Amino acid sequence: MIIYKQFSFDSAHFLPAVPLGHKCGNMHGHTYMLIVFIEGQPDEKSGWIIDYGDLKKKIQPVIELLDHHLLNDIPGLENPTSENLSIWLWNKIKPLVMGLKKIELKETPSSGVIYEGF
Ligand SMILES: Nc1nc2c(c(=O)[nH]1)N=C([C@H](O)[C@H](O)COP(=O)(O)OP(=O)(O)OP(=O)(O)O)CN2
Ligand SMILES: [Zn+2]
């Protein structure tokens with residue numbers, strides 16, 4: 001069984017590796033949506049895999065590192081594409097929660113990435 005919890009954060013970024021004139025070379029902002037998927041079996045007594053509230057408590061500090069920041073300033077996010085940001089998020093979240101299955105990161109309502117680690 002897989003449960004999930006959704007988070008959002010507002011961040012600015014620019015993409016330093018795009019060709020000259022590409023719109024994403026200019027600084028701009030996104031309201032990112034992150035969905036964290038946890039795989040496990042419900043505990044017999046509690047009936048849940050992990051309390052959604054506990055999941056939030058563990059992951060929200062990672063979100064705070066990104067919210068209302070310029071992503072390019074954050075170590076490891078010098079080129080903050082969705083792809084690189086999803087890897088960065090995975091590496092931060094993985095040690096915090098058991099059973100991390102995948103993450104989905106939406107940069108805009110129409111664009112995003114699904115990452116299952118490696
Ligand atoms: N593979 C990737 N492509 C692009 C990334 C990325 O991280 N990975 N990022 C961008 C820009 O950050 C851009 O802000 C988002 O791109 P885009 O989806 O084109 O944004 P729009 O709002 O213009 O999308 P529409 O739905 O077409 O209006 C660019 N590419
Ligand atoms: Zn962007």
# chains A, B, ... in the order shown; residues from 1 in each chain; ligands from 1

call {"tool": "select_by_dssp", "arguments": {"residues": "chain A", "states": "helix (DSSP H, G or I)", "output": "ChimeraX atom specification"}}
result
/A:23-25,52-66,71-73,82-93

call {"tool": "residues_around", "arguments": {"residues": "segment 17-33 of chain A", "least_positions_apart": "6", "cutoff": "9 Å", "atoms": "only C-alpha atoms", "output": "ChimeraX atom specification"}}
result
/A:6-11,70,79,104-109,112

call {"tool": "residues_near_ligand", "arguments": {"ligand": "ligand 1", "cutoff": "6 Å", "atoms": "only C-alpha atoms and all ligand atoms", "output": "list of chain:residue names"}}
result
A:Cys24, A:Thr81, A:Ser82, A:Glu83, A:Ser110, A:Ser111

call {"tool": "closest_residue", "arguments": {"among": "A:Met98, A:Met1, A:Leu89, A:Leu15", "to": "ligand 2", "atoms": "only C-alpha atoms and all ligand atoms"}}
result
A:Leu15

call {"tool": "closest_residue", "arguments": {"among": "A:Pro16, A:Gly40, A:Pro95, A:Gly117", "to": "Ile2 of chain A", "atoms": "only C-alpha atoms"}}
result
A:Gly40

call {"tool": "residues_around", "arguments": {"residues": "segment 43-57 of chain A", "least_positions_apart": "3", "cutoff": "8 Å", "atoms": "only C-alpha atoms", "output": "ChimeraX atom specification"}}
result
/A:3,5,39-40,60-61,97

call {"tool": "closest_residue", "arguments": {"among": "A:Phe118, A:Lys92, A:Val113, A:Gly99", "to": "Gln41 of chain A", "atoms": "only C-alpha atoms"}}
result
A:Gly99

call {"tool": "residues_around", "arguments": {"residues": "Leu100 of chain A", "least_positions_apart": "5", "cutoff": "9 Å", "atoms": "only C-alpha atoms", "output": "PyMOL selection string"}}
result
chain A and resi 36-39+90+93-94+116

call {"tool": "select_by_dssp", "arguments": {"residues": "segment 14-97 of chain A", "states": "strand (DSSP E)", "output": "NGL selection string"}}
result
:A and (28-39)

call {"tool": "write_last_selection", "arguments": {"atoms": "C-alpha atoms", "output": "mmCIF file, in the first residue's frame"}}
result
data_model
loop_
_atom_site.group_PDB
_atom_site.id
_atom_site.type_symbol
_atom_site.label_atom_id
_atom_site.label_comp_id
_atom_site.auth_asym_id
_atom_site.auth_seq_id
_atom_site.Cartn_x
_atom_site.Cartn_y
_atom_site.Cartn_z
ATOM 1 C CA HIS A 28 11.293 33.942 -12.019
ATOM 2 C CA GLY A 29 9.206 32.126 -9.442
ATOM 3 C CA HIS A 30 7.092 29.031 -9.066
ATOM 4 C CA THR A 31 4.660 27.614 -6.564
ATOM 5 C CA TYR A 32 6.089 24.108 -6.479
ATOM 6 C CA MET A 33 3.957 21.147 -5.438
ATOM 7 C CA LEU A 34 5.689 18.130 -3.918
ATOM 8 C CA ILE A 35 3.981 14.808 -3.280
ATOM 9 C CA VAL A 36 5.848 12.283 -1.153
ATOM 10 C CA PHE A 37 4.796 8.630 -1.522
ATOM 11 C CA ILE A 38 5.445 6.151 1.307
ATOM 12 C CA GLU A 39 5.075 2.392 0.866
#

call {"tool": "closest_residue", "arguments": {"among": "A:Pro80, A:Leu65, A:Tyr115, A:Leu96", "to": "ligand 2", "atoms": "only C-alpha atoms and all ligand atoms"}}
result
A:Pro80

call {"tool": "atom_distance", "arguments": {"atom1": "atom 1 (Zn, counted along the ligand's line) of ligand 2", "atom2": "atom CA of Asn91 of chain A"}}
result
21.2 Å
